[in-house]
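Only one structure is covered here, and it is reproduced in the block below.
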Number of protein chains: 2
Amino acid sequence: MCTSPIGRPREFDAEAALEKAMAVFWAQGYEGASLTDLTEAMGISRKSLYAAYGNKEDLFRKALQRYELGPGAYVADALRAPTAREVAMAFLAGSARANTLPGLPAGCLGVQGALATGETGRVARDVLAAWRAGGQGLLRDRFRQAVAEGDLPSDADPEKIARYVMTIANGVAVQAAGGATCEELQQVADAALRNWPPA
Amino acid sequence: MCTSPIGRPREFDAEAALEKAMAVFWAQGYEGASLTDLTEAMGISRKSLYAAYGNKEDLFRKALQRYELGPGAYVADALRAPTAREVAMAFLAGSARANTLPGLPAGCLGVQGALATGETGRVARDVLAAWRAGGQGLLRDRFRQAVAEGDLPSDADPEKIARYVMTIANGVAVQAAGGATCEELQQVADAALRNWPPA
DNA sequence: AAAATTCTGCACCGATCGGTGCAGAATTCG
DNA sequence: CGAATTCTGCACCGATCGGTGCAGAATTTT
């Protein structure tokens, strides 16, 4: 058995470096983040990056996972709220907050990362589109459960409600990228959920 | 006096070619649209492009202006509606339609074009961010007028209402890029304006 | 000590980028 | 006709891209 592999041990914190990479992708998008940008932010050499994370696309996928567990954790939190309305409120409030975190890029990695790209960024764009669609699916499932529980009226359409909520969140991300503050975005979220269910 | 300049006349329709360029920028973003993509879609040579439009950045600016007069004309139309609520409704309905036009890219040029880019696309990104902010300002001014006319209550905040409406429109653009249909987006718009004013 | 592994850092690869120069044909003026 | 202008198309520029190879030092194991 071997407690640690033979050879010189890794000198950098792989998790901390991944967090730096996440921030770069977040701020500059997949294609806008060059390997030089990434390695400089992560404080490691090109070779170390490839040895530790694979290639740029692999690094991006890992950064997206890191985003889900860090700044994007509000999604999972919101889904645990007791009622559908509270789910929606927590989701939008979390979105407003996560899109305006001090010290981190404004907006949402899932929006900023690769809405439109050239051919080289097609995979990243598809990954993010699927990621956003997945999140919307989670909301829909949660609202379906609410209908089953009587928390939402039986004629409510979970799909439409999920799309409504996610559309606001997407708009919030774009607004944040343009400089809107958390407070301003929270007001938008409040207004969007003034009557419930929305559809 | 000279009715036409000396020399061989231009063989392509500059307006039609600009429309093609607009579609390419719309679908692929500023950086994602290479000169080869553009010239192939426009059906002209590289040299003709530079002679007729300047450089890539100039072409992008002209394409954005073309967008305002074509697919984006719903904004100006909506602003002419008689009441604030009708302005908002027309704006969101037009947004839903313009983001899902058959034969043209899904989404909004102002969103797709350059949310996040590398250094080379910084100018384009700033142009688009300013463009979106400008549109929001137009809404705000229109809502200010509505307050002055008594169409909106005197305690209504035109700035907040404009931001609310624009956030929905931004979210609609992202949704459309992900494949949402016009009908689905219209339902979102309906829900967002169910109670009025929203804030 | 010897082997194994990872480190840093630089040079280099082929590909693509935006943009330009040049040659030769085409067309319209005086 | 000759001058002027724009056309097409290809080759080329320097820069940057993602990714790799290599050399030599460092640090761990057996």
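Here's how to read the names in the structure tokens: chain A, B, ... by the order shown, residue numbers from 1 in each chain, ligand numbers from 1 in the order shown.
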Report task. Using only C-alpha atoms (C1' of nucleotides), determine which residues lie at most 8 Å from Ala199 of chain B, disregarding the query and same-chain residues fewer than 6 positions distant; provide the list as a ChimeraX atom specification. Result -> /A:187-188,190-191 /B:156-157,160-161
Query raised in the report: Per DSSP on the backbone, what are the helix (DSSP H, G or I) residues of segment 6-134 of chain A, as an NGL selection string?
Result: :A and (14-28 or 35-42 or 46-53 or 56-69 or 73-79 or 84-98 or 109-112 or 119-134)
Query raised in the report: If we count only C-alpha atoms (C1' of nucleotides), which residues of chain B reach to within 12 Å of chain D? Please list them as JSON, numbers by chain.
Result: {"B": [4, 5, 6, 7, 8, 9, 10, 11, 12, 43, 44, 45, 46, 47, 48, 49, 51, 52, 118, 119, 120]}
Keeping C-alpha atoms for every residue in the selection just given, could you write it to a file as a PDB file, in the first residue's frame?
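See selection-v7.pdb below for the written result:
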```
ATOM      1  CA  SER B   4     -22.261  58.128 -60.633  1.00  0.00           C
ATOM      2  CA  PRO B   5     -18.572  57.943 -59.664  1.00  0.00           C
ATOM      3  CA  ILE B   6     -16.003  57.005 -62.251  1.00  0.00           C
ATOM      4  CA  GLY B   7     -15.058  53.353 -62.364  1.00  0.00           C
ATOM      5  CA  ARG B   8     -16.644  49.986 -62.095  1.00  0.00           C
ATOM      6  CA  PRO B   9     -19.782  50.183 -59.992  1.00  0.00           C
ATOM      7  CA  ARG B  10     -20.371  48.069 -56.883  1.00  0.00           C
ATOM      8  CA  GLU B  11     -21.852  44.721 -57.866  1.00  0.00           C
ATOM      9  CA  PHE B  12     -23.476  43.686 -54.572  1.00  0.00           C
ATOM     10  CA  GLY B  43     -21.249  36.796 -50.822  1.00  0.00           C
ATOM     11  CA  ILE B  44     -18.462  39.318 -51.240  1.00  0.00           C
ATOM     12  CA  SER B  45     -14.696  39.285 -51.027  1.00  0.00           C
ATOM     13  CA  ARG B  46     -12.623  40.384 -48.097  1.00  0.00           C
ATOM     14  CA  LYS B  47     -11.429  43.444 -49.951  1.00  0.00           C
ATOM     15  CA  SER B  48     -14.941  44.514 -50.865  1.00  0.00           C
ATOM     16  CA  LEU B  49     -15.979  44.181 -47.247  1.00  0.00           C
ATOM     17  CA  ALA B  51     -13.828  48.939 -48.840  1.00  0.00           C
ATOM     18  CA  ALA B  52     -17.557  49.110 -48.165  1.00  0.00           C
ATOM     19  CA  GLY B 118     -11.726  38.269 -24.444  1.00  0.00           C
ATOM     20  CA  GLU B 119      -9.830  41.495 -24.818  1.00  0.00           C
ATOM     21  CA  THR B 120     -10.349  41.687 -28.564  1.00  0.00           C
TER      22      THR B 120
END
```
Requested in this report: With a cut-off of 6 Å and counting only C-alpha atoms, select all residues of chain B in contact with chain A and give the selection as a VMD selection string.
Outcome: chain B and resid 28 to 29 32 112 115 to 118 164 167 to 168 170 to 172 188 191 to 192 198 to 199
Would you mind exporting N, CA and C atoms of the selected residues as a PDB file, in the first residue's frame?
```
ATOM      1  N   GLN B  28     -23.568  34.051 -33.960  1.00  0.00           N
ATOM      2  CA  GLN B  28     -22.283  33.563 -33.506  1.00  0.00           C
ATOM      3  C   GLN B  28     -21.559  34.510 -32.574  1.00  0.00           C
ATOM      4  N   GLY B  29     -22.106  35.698 -32.379  1.00  0.00           N
ATOM      5  CA  GLY B  29     -21.410  36.653 -31.538  1.00  0.00           C
ATOM      6  C   GLY B  29     -20.319  37.369 -32.307  1.00  0.00           C
ATOM      7  N   GLY B  32     -17.068  35.220 -32.350  1.00  0.00           N
ATOM      8  CA  GLY B  32     -17.318  33.948 -33.012  1.00  0.00           C
ATOM      9  C   GLY B  32     -17.536  34.084 -34.505  1.00  0.00           C
ATOM     10  N   GLN B 112     -26.732  37.992 -27.363  1.00  0.00           N
ATOM     11  CA  GLN B 112     -25.878  36.971 -27.944  1.00  0.00           C
ATOM     12  C   GLN B 112     -24.521  37.521 -28.331  1.00  0.00           C
ATOM     13  N   LEU B 115     -21.776  39.013 -24.533  1.00  0.00           N
ATOM     14  CA  LEU B 115     -21.935  39.159 -23.082  1.00  0.00           C
ATOM     15  C   LEU B 115     -20.590  39.096 -22.392  1.00  0.00           C
ATOM     16  N   ALA B 116     -19.826  38.104 -22.723  1.00  0.00           N
ATOM     17  CA  ALA B 116     -18.489  37.973 -22.160  1.00  0.00           C
ATOM     18  C   ALA B 116     -17.538  37.623 -23.285  1.00  0.00           C
ATOM     19  N   THR B 117     -16.405  38.305 -23.326  1.00  0.00           N
ATOM     20  CA  THR B 117     -15.464  38.090 -24.410  1.00  0.00           C
ATOM     21  C   THR B 117     -14.048  38.285 -23.902  1.00  0.00           C
ATOM     22  N   GLY B 118     -13.109  37.962 -24.743  1.00  0.00           N
ATOM     23  CA  GLY B 118     -11.726  38.269 -24.444  1.00  0.00           C
ATOM     24  C   GLY B 118     -11.454  39.741 -24.705  1.00  0.00           C
ATOM     25  N   TYR B 164     -37.438  46.219 -14.398  1.00  0.00           N
ATOM     26  CA  TYR B 164     -38.231  44.991 -14.346  1.00  0.00           C
ATOM     27  C   TYR B 164     -38.552  44.492 -15.755  1.00  0.00           C
ATOM     28  N   THR B 167     -35.468  43.309 -17.602  1.00  0.00           N
ATOM     29  CA  THR B 167     -34.955  42.033 -17.092  1.00  0.00           C
ATOM     30  C   THR B 167     -35.715  40.866 -17.703  1.00  0.00           C
ATOM     31  N   ILE B 168     -37.034  40.995 -17.777  1.00  0.00           N
ATOM     32  CA  ILE B 168     -37.821  39.940 -18.420  1.00  0.00           C
ATOM     33  C   ILE B 168     -37.358  39.776 -19.866  1.00  0.00           C
ATOM     34  N   ASN B 170     -34.500  40.465 -21.186  1.00  0.00           N
ATOM     35  CA  ASN B 170     -33.195  39.819 -21.205  1.00  0.00           C
ATOM     36  C   ASN B 170     -33.328  38.317 -20.988  1.00  0.00           C
ATOM     37  N   GLY B 171     -34.131  37.958 -20.020  1.00  0.00           N
ATOM     38  CA  GLY B 171     -34.339  36.542 -19.760  1.00  0.00           C
ATOM     39  C   GLY B 171     -34.975  35.851 -20.954  1.00  0.00           C
ATOM     40  N   VAL B 172     -35.899  36.526 -21.590  1.00  0.00           N
ATOM     41  CA  VAL B 172     -36.545  35.983 -22.786  1.00  0.00           C
ATOM     42  C   VAL B 172     -35.493  35.707 -23.864  1.00  0.00           C
ATOM     43  N   VAL B 188     -44.720  33.734 -20.667  1.00  0.00           N
ATOM     44  CA  VAL B 188     -43.876  34.338 -19.630  1.00  0.00           C
ATOM     45  C   VAL B 188     -44.176  35.832 -19.526  1.00  0.00           C
ATOM     46  N   ALA B 191     -47.459  36.478 -17.799  1.00  0.00           N
ATOM     47  CA  ALA B 191     -47.376  36.260 -16.352  1.00  0.00           C
ATOM     48  C   ALA B 191     -46.654  37.422 -15.671  1.00  0.00           C
ATOM     49  N   ALA B 192     -45.612  37.918 -16.331  1.00  0.00           N
ATOM     50  CA  ALA B 192     -44.807  38.977 -15.718  1.00  0.00           C
ATOM     51  C   ALA B 192     -45.592  40.278 -15.577  1.00  0.00           C
ATOM     52  N   PRO B 198     -45.837  46.713 -11.744  1.00  0.00           N
ATOM     53  CA  PRO B 198     -45.239  45.563 -11.060  1.00  0.00           C
ATOM     54  C   PRO B 198     -44.600  45.925  -9.729  1.00  0.00           C
ATOM     55  N   ALA B 199     -44.228  47.195  -9.540  1.00  0.00           N
ATOM     56  CA  ALA B 199     -43.478  47.479  -8.321  1.00  0.00           C
ATOM     57  C   ALA B 199     -44.041  48.656  -7.525  1.00  0.00           C
TER      58      ALA B 199
END
```
Report task. Identify all chain C residues at most 10 Å from chain A by counting only C-alpha atoms (C1' of nucleotides); ligands do not count. Present them as a VMD selection string. Result -> chain C and resid 3 to 9
**Report entry** atom CA of Arg61 of chain A to atom CA of Val123 of chain A, straight-line distance in Å
**Finding:** 10.3 Å
**Report entry** Between atom CA of Met22 of chain B and atom CA of Ala63 of chain B, distance in Å (one decimal)
**Finding:** 4.7 Å
**Report entry** Long-range neighbours of Ala73 of chain B as a list in words, 12 Å cut-off, only C-alpha atoms (C1' of nucleotides), 2 positions minimum in chain
**Finding:** Leu64, Gln65, Arg66, Tyr67, Glu68, Leu69, Gly70, Pro71, Val75, Ala76, Asp77, Ala78, Leu79, Arg80, Ala90, Phe91, Gly94, Ser95, Arg97, Ala98 and Gly135 of chain B
